[in-house]
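Chemist: Have a peek at upload19.cif (mmCIF, C-alpha atoms and all ligand atoms).
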```
data_query
loop_
_atom_site.label_atom_id
_atom_site.label_comp_id
_atom_site.auth_asym_id
_atom_site.auth_seq_id
_atom_site.Cartn_x
_atom_site.Cartn_y
_atom_site.Cartn_z
CA MET R 155 -0.82 20.86 12.55
CA LYS R 156 2.68 20.31 13.96
CA THR R 157 4.06 16.82 14.59
CA ALA R 158 7.51 15.26 14.77
CA ILE R 159 7.21 14.63 11.02
CA THR R 160 6.35 18.22 10.01
CA GLU R 161 9.31 19.37 12.10
CA LEU R 162 11.70 16.73 10.76
CA PHE R 163 11.00 17.48 7.11
CA GLY R 164 10.15 21.18 7.36
CA ILE R 165 6.65 20.73 5.91
CA GLU R 166 3.28 22.25 6.82
CA HIS R 167 1.07 19.14 7.00
CA PRO R 168 2.05 15.63 8.19
CA ILE R 169 1.14 14.07 4.84
CA ILE R 170 3.63 12.27 2.58
CA GLN R 171 3.18 10.98 -0.96
CA GLY R 172 4.92 7.62 -1.18
CA GLY R 173 7.12 6.80 -4.15
CA MET R 174 5.12 5.21 -6.96
CA HIS R 175 6.54 3.65 -10.09
CA TYR R 176 5.44 5.58 -13.21
CA VAL R 177 3.32 7.94 -11.04
CA GLY R 178 5.87 9.75 -8.87
CA PHE R 179 7.12 12.20 -11.48
CA ALA R 180 8.02 15.83 -10.80
CA GLU R 181 4.44 17.04 -11.50
CA LEU R 182 2.93 15.03 -8.64
CA ALA R 183 5.80 15.50 -6.19
CA ALA R 184 5.77 19.28 -6.75
CA ALA R 185 1.97 19.46 -6.38
CA VAL R 186 2.12 17.62 -3.04
CA SER R 187 4.97 19.76 -1.74
CA ASN R 188 3.29 22.97 -2.92
CA ALA R 189 0.14 21.91 -1.04
CA GLY R 190 2.17 21.62 2.19
CA GLY R 191 2.90 17.88 2.18
CA LEU R 192 6.06 16.02 1.21
CA GLY R 193 6.11 15.01 -2.46
CA ILE R 194 8.40 12.18 -3.54
CA ILE R 195 9.90 11.47 -6.96
CA THR R 196 10.27 7.76 -7.70
CA GLY R 197 13.98 7.33 -8.40
CA LEU R 198 13.96 4.12 -10.38
CA THR R 199 11.18 5.20 -12.74
CA GLN R 200 13.97 7.32 -14.21
CA LYS R 201 15.93 4.78 -16.23
CA THR R 202 19.36 6.32 -15.53
CA PRO R 203 20.87 8.49 -12.78
CA GLU R 204 21.24 11.28 -15.39
CA LEU R 205 17.49 11.20 -16.05
CA LEU R 206 16.83 11.31 -12.29
CA ALA R 207 19.04 14.42 -12.06
CA LYS R 208 16.89 16.03 -14.77
CA GLU R 209 13.67 15.04 -13.00
CA ILE R 210 14.95 16.56 -9.74
CA ALA R 211 15.79 19.79 -11.60
CA ARG R 212 12.29 19.80 -13.17
CA CYS R 213 10.73 19.40 -9.74
CA ARG R 214 12.83 22.22 -8.36
CA ASP R 215 11.51 24.46 -11.16
CA MET R 216 7.97 23.68 -10.01
CA THR R 217 8.38 24.09 -6.23
CA ASP R 218 10.60 25.83 -3.72
CA LYS R 219 9.31 23.54 -0.94
CA PRO R 220 11.10 20.39 0.32
CA PHE R 221 10.57 17.21 -1.68
CA GLY R 222 12.15 13.77 -1.58
CA VAL R 223 13.25 10.88 -3.79
CA ASN R 224 12.26 7.23 -3.35
CA LEU R 225 14.89 4.54 -3.73
CA THR R 226 13.46 1.05 -3.91
CA PHE R 227 15.62 -2.02 -3.33
CA LEU R 228 13.49 -4.86 -4.67
CA PRO R 229 14.32 -7.98 -6.63
CA SER R 230 14.46 -6.88 -10.26
CA PHE R 231 15.56 -8.43 -13.51
CA THR R 232 18.70 -6.21 -13.55
CA ALA R 233 20.12 -4.38 -10.49
CA PRO R 234 20.22 -0.57 -10.89
CA PRO R 235 23.42 1.44 -10.13
CA TYR R 236 22.34 2.68 -6.70
CA PRO R 237 25.51 4.67 -5.85
CA GLU R 238 25.07 6.72 -9.03
CA TYR R 239 21.40 7.33 -8.20
CA ILE R 240 22.45 8.52 -4.73
CA ALA R 241 25.02 10.86 -6.32
CA ALA R 242 22.25 12.37 -8.47
CA ILE R 243 20.10 12.89 -5.36
CA ARG R 244 22.97 14.45 -3.44
CA GLU R 245 24.06 16.70 -6.30
CA GLY R 246 20.42 17.73 -6.86
CA GLY R 247 20.34 19.05 -3.29
CA VAL R 248 17.49 16.74 -2.25
CA LYS R 249 17.37 16.41 1.53
CA VAL R 250 14.90 13.53 2.01
CA VAL R 251 15.12 9.98 0.71
CA GLU R 252 12.39 7.39 1.14
CA THR R 253 13.93 3.93 1.01
CA ALA R 254 11.96 0.70 0.59
CA GLY R 255 12.33 -2.98 -0.12
CA ARG R 256 15.59 -4.11 1.47
CA SER R 257 17.37 -2.38 4.37
CA PRO R 258 19.23 0.77 3.23
CA GLU R 259 22.10 0.00 5.66
CA GLN R 260 24.80 -0.22 3.01
CA TYR R 261 23.86 3.22 1.62
CA MET R 262 23.35 5.05 4.93
CA PRO R 263 26.88 6.55 5.12
CA ALA R 264 26.55 8.07 1.61
CA LEU R 265 23.13 9.51 2.47
CA LYS R 266 24.03 10.78 5.93
CA VAL R 267 27.26 12.47 4.88
CA ALA R 268 25.16 14.60 2.51
CA GLY R 269 22.80 15.62 5.33
CA ILE R 270 19.95 13.63 3.81
CA LYS R 271 17.08 12.53 6.08
CA VAL R 272 16.08 8.92 5.52
CA ILE R 273 12.57 7.57 5.99
CA HIS R 274 12.49 3.82 5.47
CA LYS R 275 9.28 2.02 4.56
CA CYS R 276 8.77 -1.10 6.69
CA THR R 277 6.04 -3.70 6.88
CA SER R 278 6.96 -5.02 10.32
CA VAL R 279 8.02 -3.83 13.77
CA ARG R 280 11.31 -5.77 13.54
CA HIS R 281 12.27 -4.05 10.29
CA SER R 282 11.28 -0.68 11.80
CA LEU R 283 13.55 -1.32 14.78
CA LYS R 284 16.37 -2.28 12.43
CA ALA R 285 15.82 0.99 10.52
CA GLU R 286 16.02 2.90 13.80
CA LYS R 287 19.20 1.05 14.73
CA ILE R 288 21.01 1.83 11.48
CA GLY R 289 20.27 5.55 11.80
CA CYS R 290 17.10 6.17 9.80
CA ASP R 291 15.39 9.39 10.87
CA ALA R 292 11.84 8.04 10.57
CA VAL R 293 9.90 5.08 9.27
CA SER R 294 6.81 4.65 7.16
CA VAL R 295 4.93 1.74 8.72
CA ASP R 296 3.18 0.00 5.85
CA GLY R 297 0.23 -2.19 6.86
CA PHE R 298 -1.16 -5.23 5.07
CA GLU R 299 -3.82 -3.01 3.41
CA CYS R 300 -1.22 -1.12 1.42
CA GLY R 301 -0.84 -0.90 -2.32
CA GLY R 302 2.47 -2.36 -3.47
CA HIS R 303 4.51 -4.76 -1.36
CA PRO R 304 2.95 -5.48 2.07
CA GLY R 305 5.61 -8.04 3.04
CA GLU R 306 4.78 -11.54 4.23
CA ASP R 307 3.51 -11.01 7.80
CA ASP R 308 0.00 -9.82 6.86
CA ILE R 309 -0.47 -7.50 9.84
CA PRO R 310 -2.99 -4.71 9.23
CA ASN R 311 -2.42 -1.19 10.51
CA MET R 312 -4.94 -1.45 13.34
CA ILE R 313 -2.38 -3.73 15.03
CA LEU R 314 0.87 -2.71 13.36
CA LEU R 315 0.70 1.01 14.23
CA PRO R 316 0.18 0.66 17.99
CA ARG R 317 2.83 -2.08 18.01
CA ALA R 318 5.25 0.29 16.28
CA ALA R 319 4.32 3.06 18.73
CA ASP R 320 5.12 0.76 21.64
CA GLU R 321 8.60 -0.06 20.36
CA LEU R 322 9.98 2.82 18.29
CA ARG R 323 11.74 5.94 19.48
CA ILE R 324 12.04 7.62 16.06
CA PRO R 325 8.86 9.12 14.57
CA PHE R 326 6.79 7.14 12.11
CA VAL R 327 3.98 7.74 9.65
CA ALA R 328 1.10 5.36 8.97
CA SER R 329 1.14 3.98 5.45
CA GLY R 330 -1.40 1.74 3.74
CA GLY R 331 -5.13 2.37 3.73
CA MET R 332 -4.81 6.12 4.31
CA ALA R 333 -7.25 8.23 2.30
CA ASP R 334 -8.82 11.06 4.22
CA ALA R 335 -9.11 13.01 7.47
CA ARG R 336 -10.41 9.95 9.30
CA SER R 337 -7.27 8.05 8.34
CA LEU R 338 -5.05 10.88 9.53
CA VAL R 339 -6.76 11.29 12.90
CA ALA R 340 -6.84 7.52 13.46
CA ALA R 341 -3.14 7.28 12.58
CA LEU R 342 -2.30 10.06 15.03
CA ALA R 343 -4.41 8.35 17.70
CA MET R 344 -2.44 5.15 17.23
CA GLY R 345 0.89 6.87 17.74
CA ALA R 346 1.91 7.88 14.22
CA ALA R 347 3.12 11.41 13.56
CA GLY R 348 1.47 11.63 10.14
CA MET R 349 0.46 9.54 7.16
CA ASN R 350 1.82 8.35 3.86
CA MET R 351 -0.56 7.88 0.92
CA GLY R 352 0.04 6.13 -2.36
CA THR R 353 -3.11 4.99 -4.17
CA ARG R 354 -5.17 8.03 -3.08
CA PHE R 355 -2.72 10.43 -4.73
CA ILE R 356 -3.06 8.67 -8.12
CA ALA R 357 -6.68 9.84 -8.36
CA THR R 358 -5.78 13.52 -8.43
CA LYS R 359 -5.77 16.01 -11.29
CA GLU R 360 -1.98 16.45 -11.20
CA ALA R 361 -1.02 12.75 -11.12
CA PRO R 362 0.63 12.38 -14.55
CA VAL R 363 -1.11 9.12 -15.50
CA HIS R 364 -3.76 8.15 -18.06
CA LEU R 365 -7.32 9.18 -17.17
CA ASN R 366 -8.39 5.50 -17.44
CA VAL R 367 -6.30 4.78 -14.32
CA LYS R 368 -7.98 7.51 -12.28
CA LYS R 369 -11.44 6.40 -13.47
CA ALA R 370 -10.64 2.77 -12.59
CA LEU R 371 -9.73 3.86 -9.05
CA VAL R 372 -12.98 5.78 -8.63
CA GLU R 373 -14.98 2.79 -9.90
CA ALA R 374 -13.21 0.04 -7.92
CA THR R 375 -14.24 -1.03 -4.43
CA GLU R 376 -12.27 -2.35 -1.47
CA LEU R 377 -12.99 -5.87 -2.80
CA ASP R 378 -11.07 -5.33 -6.04
CA THR R 379 -7.42 -5.80 -5.04
CA ARG R 380 -5.54 -9.10 -5.31
CA LEU R 381 -2.30 -10.41 -3.80
CA VAL R 382 0.16 -11.79 -6.35
CA MET R 383 3.63 -13.40 -6.15
CA ARG R 384 3.02 -14.87 -2.68
CA ALA R 385 4.82 -18.09 -3.66
CA LEU R 386 7.90 -16.02 -4.55
CA ARG R 387 7.80 -14.23 -1.17
CA ASN R 388 7.56 -10.99 -3.12
CA THR R 389 3.88 -10.35 -2.43
CA GLU R 390 2.30 -7.40 -4.20
CA ARG R 391 -1.19 -5.97 -3.78
CA VAL R 392 -2.54 -5.02 -7.20
CA LEU R 393 -5.81 -4.00 -8.86
CA GLN R 394 -7.71 -6.94 -10.33
CA ASN R 395 -7.82 -7.01 -14.14
CA LYS R 396 -7.63 -9.60 -16.95
CA GLY R 397 -3.81 -9.75 -16.83
CA VAL R 398 -3.93 -10.31 -13.06
CA ASP R 399 -6.52 -13.09 -13.48
CA GLU R 400 -4.14 -14.81 -15.93
CA LEU R 401 -1.27 -14.36 -13.48
CA LEU R 402 -3.28 -15.90 -10.64
CA GLN R 403 -4.23 -18.83 -12.89
CA ILE R 404 -0.52 -19.46 -13.65
CA GLU R 405 0.22 -19.24 -9.91
CA ARG R 406 -2.49 -21.82 -9.16
CA ASP R 407 -1.20 -24.12 -11.93
CA LYS R 408 2.47 -23.91 -10.88
CA GLY R 409 1.95 -23.91 -7.10
CA ALA R 410 5.16 -23.99 -5.11
CA THR R 411 7.25 -24.47 -8.28
CA LEU R 412 6.39 -20.95 -9.54
CA LYS R 413 9.33 -18.96 -10.89
CA ILE R 414 9.40 -15.27 -11.78
CA GLU R 415 9.96 -16.20 -15.45
CA ASP R 416 6.56 -17.96 -15.49
CA ILE R 417 4.76 -14.67 -14.93
CA HIS R 418 7.14 -12.39 -16.81
CA ASP R 419 4.47 -11.22 -19.29
CA GLN R 420 2.03 -10.31 -16.52
CA VAL R 421 4.52 -8.32 -14.39
CA ALA R 422 7.29 -6.97 -16.63
CA GLY R 423 6.78 -3.72 -18.54
CA VAL R 424 3.21 -3.35 -17.27
CA TYR R 425 3.53 0.13 -15.75
CA PRO R 426 4.03 2.15 -18.97
CA LYS R 427 1.18 0.23 -20.61
CA VAL R 428 -1.17 1.09 -17.72
CA MET R 429 0.00 4.53 -16.64
CA VAL R 430 0.94 5.98 -20.04
CA ASP R 431 -1.33 4.12 -22.49
CA GLY R 432 -4.27 3.48 -20.15
CA GLU R 433 -4.40 -0.27 -20.96
CA MET R 434 -6.20 -1.34 -17.81
CA ASP R 435 -5.99 -5.10 -18.42
CA ALA R 436 -2.23 -5.19 -19.04
CA GLY R 437 -1.20 -6.99 -15.84
CA ALA R 438 -0.07 -6.38 -12.26
CA TRP R 439 0.17 -2.82 -11.00
CA SER R 440 0.07 -1.82 -7.35
CA CYS R 441 -3.15 -0.61 -5.76
CA GLY R 442 -4.27 -0.53 -2.13
CA MET R 443 -7.54 -1.62 -0.53
CA VAL R 444 -8.02 2.08 0.15
CA VAL R 445 -9.33 2.22 -3.43
CA GLY R 446 -12.72 1.56 -1.80
CA LEU R 447 -12.53 5.03 -0.23
CA ILE R 448 -11.71 6.91 -3.45
CA ASN R 449 -14.75 8.59 -5.00
CA ASP R 450 -13.40 11.65 -6.79
CA ILE R 451 -10.47 13.18 -8.67
CA PRO R 452 -9.64 16.44 -6.86
CA THR R 453 -6.54 18.57 -7.27
CA VAL R 454 -3.78 17.65 -4.82
CA LYS R 455 -4.35 20.93 -2.99
CA GLU R 456 -8.10 20.28 -2.70
CA LEU R 457 -7.37 16.80 -1.34
CA ILE R 458 -4.80 17.95 1.21
CA ASP R 459 -6.81 21.01 2.29
CA ARG R 460 -9.89 18.79 2.75
CA ILE R 461 -7.95 16.30 4.85
CA VAL R 462 -6.49 19.00 7.08
CA THR R 463 -9.78 20.90 7.53
CA GLU R 464 -11.82 17.77 8.24
CA ALA R 465 -9.16 16.37 10.58
CA GLU R 466 -9.46 19.50 12.66
CA GLN R 467 -13.26 19.13 12.70
CA ILE R 468 -13.01 15.50 13.78
CA ILE R 469 -10.65 16.36 16.60
CA ARG R 470 -12.35 19.55 17.78
CA GLN R 471 -15.99 18.53 17.27
CA ARG R 472 -16.47 14.77 17.11
CA LEU R 473 -13.76 13.67 19.56
CA THR R 474 -14.00 16.45 22.11
CA GLY R 475 -17.77 16.23 21.60
CA PHE R 476 -17.67 12.71 23.04
CA LEU R 477 -15.82 14.03 26.07
CA ASP R 478 -18.32 16.86 26.48
CA GLY R 479 -21.22 14.45 25.98
CA VAL R 480 -22.65 16.30 22.94
CA ALA R 481 -21.57 14.09 20.00
CA ALA R 482 -23.16 10.78 20.92
CA SER R 483 -26.06 11.08 18.46
CA LYS R 484 -24.05 12.56 15.54
CA PRO R 485 -23.78 10.43 12.35
CA ALA R 486 -20.63 8.34 12.00
CA ARG R 487 -19.50 10.18 8.83
CA ALA R 488 -17.75 12.40 11.37
CA VAL R 489 -17.55 15.63 9.43
CA ALA R 490 -20.19 18.17 8.45
C1 LIG N 501 0.96 2.37 -8.41
C2 LIG N 501 1.87 2.24 -7.21
C3 LIG N 501 3.23 2.13 -7.41
C4 LIG N 501 4.09 2.03 -6.31
N1 LIG N 501 5.44 1.98 -6.53
C5 LIG N 501 6.28 1.99 -5.46
C6 LIG N 501 7.68 2.03 -5.66
O1 LIG N 501 8.18 2.04 -6.78
N2 LIG N 501 8.47 2.03 -4.54
C7 LIG N 501 7.94 2.03 -3.28
O2 LIG N 501 8.70 2.09 -2.32
N3 LIG N 501 6.62 1.98 -3.07
C8 LIG N 501 5.78 1.97 -4.12
N4 LIG N 501 4.43 1.96 -3.91
C9 LIG N 501 3.92 1.97 -2.51
C10 LIG N 501 3.57 3.39 -2.03
O3 LIG N 501 4.70 4.20 -1.93
C11 LIG N 501 2.88 3.37 -0.66
O4 LIG N 501 3.74 2.80 0.30
C12 LIG N 501 1.58 2.60 -0.67
O5 LIG N 501 0.85 2.92 -1.84
C13 LIG N 501 0.77 2.92 0.55
O6 LIG N 501 -0.44 2.25 0.53
P1 LIG N 501 -1.81 2.89 -0.06
O7 LIG N 501 -1.75 2.66 -1.52
O8 LIG N 501 -2.86 2.13 0.64
O9 LIG N 501 -1.80 4.35 0.26
C14 LIG N 501 3.55 2.03 -4.99
C15 LIG N 501 2.18 2.12 -4.81
C16 LIG N 501 1.33 2.24 -5.89
C17 LIG N 501 -0.14 2.34 -5.64
#
```
Could the structure of this file be written out as C-alpha cells, please?
Ligand SMILES: Cc1cc2nc3c(=O)[nH]c(=O)nc-3n(C[C@H](O)[C@H](O)[C@H](O)COP(=O)(O)O)c2cc1C

Modeler:
Amino acid sequence: MKTAITELFGIEHPIIQGGMHYVGFAELAAAVSNAGGLGIITGLTQKTPELLAKEIARCRDMTDKPFGVNLTFLPSFTAPPYPEYIAAIREGGVKVVETAGRSPEQYMPALKVAGIKVIHKCTSVRHSLKAEKIGCDAVSVDGFECGGHPGEDDIPNMILLPRAADELRIPFVASGGMADARSLVAALAMGAAGMNMGTRFIATKEAPVHLNVKKALVEATELDTRLVMRALRNTERVLQNKGVDELLQIERDKGATLKIEDIHDQVAGVYPKVMVDGEMDAGAWSCGMVVGLINDIPTVKELIDRIVTEAEQIIRQRLTGFLDGVAASKPARAVA
C-alpha cells in the first residue's frame, strides 16, 4: 500500500508505532521498522542524551530500515535538556522525529537543518494547523479514545479525522483507537494517510515489557480505562487499577484545588514498576480504549502482516462487494 506517509518516511506500510514511555525501546522500534512500519524510540525514557545515543545505536544494529525518535514536551517535575537530546538524534543519523505535548516550534530550526522529518502529535484541528504552519511534515491526529494524553477537547476520531482532512494540506495519520485492518481502512476512508498505534503494540512478543502488562491488556475491555488529571488540564487516559482508584479518590476529595503534588505517589515513578516489575496496581500508566480490541500477543510482524492482508480484503471484497451488490449479506466481521 502506498500513501503520502509511506512515501514521506520511506516505509512499506502506513503504520507507525507511537512513542511510549518505558515501552519504546530499540527492540520494539526495530521490530516495527523491520516489519515495514515506522518504529519509534521514546527519547525521554532514556535518562540522558548519552543514553539516547546508545539506544539509537542499538536500534541501528537491529534494523537497516528507517526509524524515528519521540520527543515529548509535557509538564514534568524537572525539564529535560532538549537541545542535547536533539543533538543525539541528529548525530545518530535519525531522520524522523515524532514530537508531542507542546508545539515543537522552538526546536524546528535545529531539526530541519539536519534534514529531519517532523510528525507532530495533535489532539485538535487548531494544533494540527499550527503544526502545518511551523513547518511540520505531517501530523498524528490523536482522538479522545487514545492512550496517553488526549488533550481537553474530548473529540473522538470519528469527528476529528474528517475535520482534519477538511483543513490540512500536509498528510496525517489517525492515532487513538487503532488496532487492526478495520481501523486502518476506516482511517484511510476518513482522509488519513495511515495510522499510529500505541496500546496495540504493547501486546506483542517483542515489546520489552513485563508479561503481566501484556496479559492485562488482553484481559481488559473497552470499559477499563479512566481519565486522570483533568483538574490539572493534563488529562491522561490510563488503565484502571488500585493505584488509579486511589488517585481518582484524591481527585474527588480535592476537587478544583488539586495540585500535582497531591497525586505524586500515584503518577511519579510508576512506569518502571509496571513495565519492568509487572506491578499492575502501581498507579497511572497510559492505555487506550482500544484495549477492548486486543485479544492476543502476536509478533510485531504477525500483527502488521495481518493488518495489511485484512485491509486489502476489506477494500477489495467487502467494500467493492457493496458496490457490486454481492456483500450485503456478509457478516460484519469483514474479513474471512
Ligand atoms: C504506555 C503508553 C505510554 C505512552 N507514552 C508516550 C510518550 O512518552 N510520549 C508520547 O508522545 N506519547 C505517548 N503515548 C501515546 C502514544 O504514542 C499514542 O499516541 C497513543 O497510544 C495512541 O493511542 P492508542 O493507545 O489508542 O493507540 C503513550 C501511550 C501508551 C499506551

Chemist: Might you pull out every residue within 7 Å of segment 349-361 of chain R, with only C-alpha atoms counted and same-chain residues fewer than 6 positions away left off, and present them as a PyMOL selection string?

Modeler: chain R and resi 168-172+174+177+181-182+185+301+327-330+332-333+338+341+368+371+441-442+445+448+451-454

Chemist: Could you check how far atom O2 of ligand LIG 501 (chain N) sits from atom CA of Val363 of chain R, in Å to one decimal?

Modeler: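 A separation of 17.9 Å between them.
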
Chemist: At a cut-off of 9 Å from (-1.3, 12.6, 14.2) in the coordinates of the file, what residues are picked up using all atoms listed in the file, written as an mmCIF file with C-alpha atoms, keeping the file's coordinate frame?

Modeler:
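point_31.cif written:
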```
data_model
loop_
_atom_site.group_PDB
_atom_site.id
_atom_site.type_symbol
_atom_site.label_atom_id
_atom_site.label_comp_id
_atom_site.auth_asym_id
_atom_site.auth_seq_id
_atom_site.Cartn_x
_atom_site.Cartn_y
_atom_site.Cartn_z
ATOM 1 C CA MET R 155 -0.820 20.860 12.550
ATOM 2 C CA LYS R 156 2.680 20.310 13.960
ATOM 3 C CA THR R 157 4.060 16.820 14.590
ATOM 4 C CA PRO R 168 2.050 15.630 8.190
ATOM 5 C CA VAL R 327 3.980 7.740 9.650
ATOM 6 C CA LEU R 338 -5.050 10.880 9.530
ATOM 7 C CA VAL R 339 -6.760 11.290 12.900
ATOM 8 C CA ALA R 340 -6.840 7.520 13.460
ATOM 9 C CA ALA R 341 -3.140 7.280 12.580
ATOM 10 C CA LEU R 342 -2.300 10.060 15.030
ATOM 11 C CA ALA R 343 -4.410 8.350 17.700
ATOM 12 C CA MET R 344 -2.440 5.150 17.230
ATOM 13 C CA GLY R 345 0.890 6.870 17.740
ATOM 14 C CA ALA R 346 1.910 7.880 14.220
ATOM 15 C CA ALA R 347 3.120 11.410 13.560
ATOM 16 C CA GLY R 348 1.470 11.630 10.140
ATOM 17 C CA MET R 349 0.460 9.540 7.160
#
```

Chemist: Might you pull out every residue within 9 Å of Leu198 of chain R, with only C-alpha atoms counted and same-chain residues fewer than 6 positions away left off, and present them as a VMD selection string?

Modeler: chain R and resid 175 206 224 to 226 234 239

Chemist: Let me see the file: selected residues, C-alpha atoms, as a PDB file, keeping the file's coordinate frame.

Modeler:
```pdb
ATOM      1  CA  HIS R 175       6.540   3.650 -10.090  1.00  0.00           C
ATOM      2  CA  LEU R 206      16.830  11.310 -12.290  1.00  0.00           C
ATOM      3  CA  ASN R 224      12.260   7.230  -3.350  1.00  0.00           C
ATOM      4  CA  LEU R 225      14.890   4.540  -3.730  1.00  0.00           C
ATOM      5  CA  THR R 226      13.460   1.050  -3.910  1.00  0.00           C
ATOM      6  CA  PRO R 234      20.220  -0.570 -10.890  1.00  0.00           C
ATOM      7  CA  TYR R 239      21.400   7.330  -8.200  1.00  0.00           C
TER       8      TYR R 239
END
```

Chemist: Could you state the separation of atom CA of Met429 of chain R and atom C9 of ligand LIG 501 (chain N) in Å, given to one decimal place?

Modeler: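 Separation of atom CA of Met429 of chain R and atom C9 of ligand LIG 501 (chain N): 14.9 Å.
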
Chemist: Give the answer as one residue: which of R:Asp378, R:Glu321, R:Glu456, R:Asp307 has the shortest atom-to-atom distance to Leu393 of chain R, using only C-alpha atoms?

Modeler: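 With only C-alpha atoms as the atom set, the closest residue is R:Asp378.
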
Chemist: For atom CA of Glu433 of chain R and atom CA of His364 of chain R, quote the distance in Å rounded to one decimal.

Modeler: 8.9 Å

Chemist: Produce segment 179-190 of chain R of the given structure as output with N, CA and C atoms, as a PDB file, in the first residue's frame.

Modeler:
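The resulting file, result-v2.pdb, is reproduced below:
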```pdb
ATOM      1  N   PHE R 179      11.526   1.072  23.417  1.00  0.00           N
ATOM      2  CA  PHE R 179      12.975   0.826  23.382  1.00  0.00           C
ATOM      3  C   PHE R 179      13.344   0.328  21.988  1.00  0.00           C
ATOM      4  N   ALA R 180      14.653   0.144  21.785  1.00  0.00           N
ATOM      5  CA  ALA R 180      15.160  -0.268  20.468  1.00  0.00           C
ATOM      6  C   ALA R 180      14.514  -1.562  19.974  1.00  0.00           C
ATOM      7  N   GLU R 181      14.251  -2.509  20.887  1.00  0.00           N
ATOM      8  CA  GLU R 181      13.689  -3.811  20.463  1.00  0.00           C
ATOM      9  C   GLU R 181      12.374  -3.631  19.728  1.00  0.00           C
ATOM     10  N   LEU R 182      11.481  -2.804  20.293  1.00  0.00           N
ATOM     11  CA  LEU R 182      10.160  -2.632  19.672  1.00  0.00           C
ATOM     12  C   LEU R 182      10.270  -1.788  18.403  1.00  0.00           C
ATOM     13  N   ALA R 183      11.018  -0.701  18.481  1.00  0.00           N
ATOM     14  CA  ALA R 183      11.147   0.178  17.310  1.00  0.00           C
ATOM     15  C   ALA R 183      11.727  -0.603  16.131  1.00  0.00           C
ATOM     16  N   ALA R 184      12.764  -1.402  16.390  1.00  0.00           N
ATOM     17  CA  ALA R 184      13.394  -2.170  15.307  1.00  0.00           C
ATOM     18  C   ALA R 184      12.421  -3.206  14.754  1.00  0.00           C
ATOM     19  N   ALA R 185      11.643  -3.854  15.639  1.00  0.00           N
ATOM     20  CA  ALA R 185      10.698  -4.875  15.170  1.00  0.00           C
ATOM     21  C   ALA R 185       9.648  -4.248  14.251  1.00  0.00           C
ATOM     22  N   VAL R 186       9.167  -3.061  14.615  1.00  0.00           N
ATOM     23  CA  VAL R 186       8.151  -2.395  13.787  1.00  0.00           C
ATOM     24  C   VAL R 186       8.756  -1.986  12.447  1.00  0.00           C
ATOM     25  N   SER R 187       9.949  -1.418  12.487  1.00  0.00           N
ATOM     26  CA  SER R 187      10.579  -0.994  11.230  1.00  0.00           C
ATOM     27  C   SER R 187      10.910  -2.201  10.353  1.00  0.00           C
ATOM     28  N   ASN R 188      11.402  -3.277  10.974  1.00  0.00           N
ATOM     29  CA  ASN R 188      11.709  -4.479  10.182  1.00  0.00           C
ATOM     30  C   ASN R 188      10.458  -5.074   9.553  1.00  0.00           C
ATOM     31  N   ALA R 189       9.304  -4.867  10.190  1.00  0.00           N
ATOM     32  CA  ALA R 189       8.048  -5.401   9.639  1.00  0.00           C
ATOM     33  C   ALA R 189       7.437  -4.455   8.603  1.00  0.00           C
ATOM     34  N   GLY R 190       8.129  -3.361   8.282  1.00  0.00           N
ATOM     35  CA  GLY R 190       7.664  -2.463   7.223  1.00  0.00           C
ATOM     36  C   GLY R 190       6.952  -1.215   7.701  1.00  0.00           C
TER      37      GLY R 190
END
```
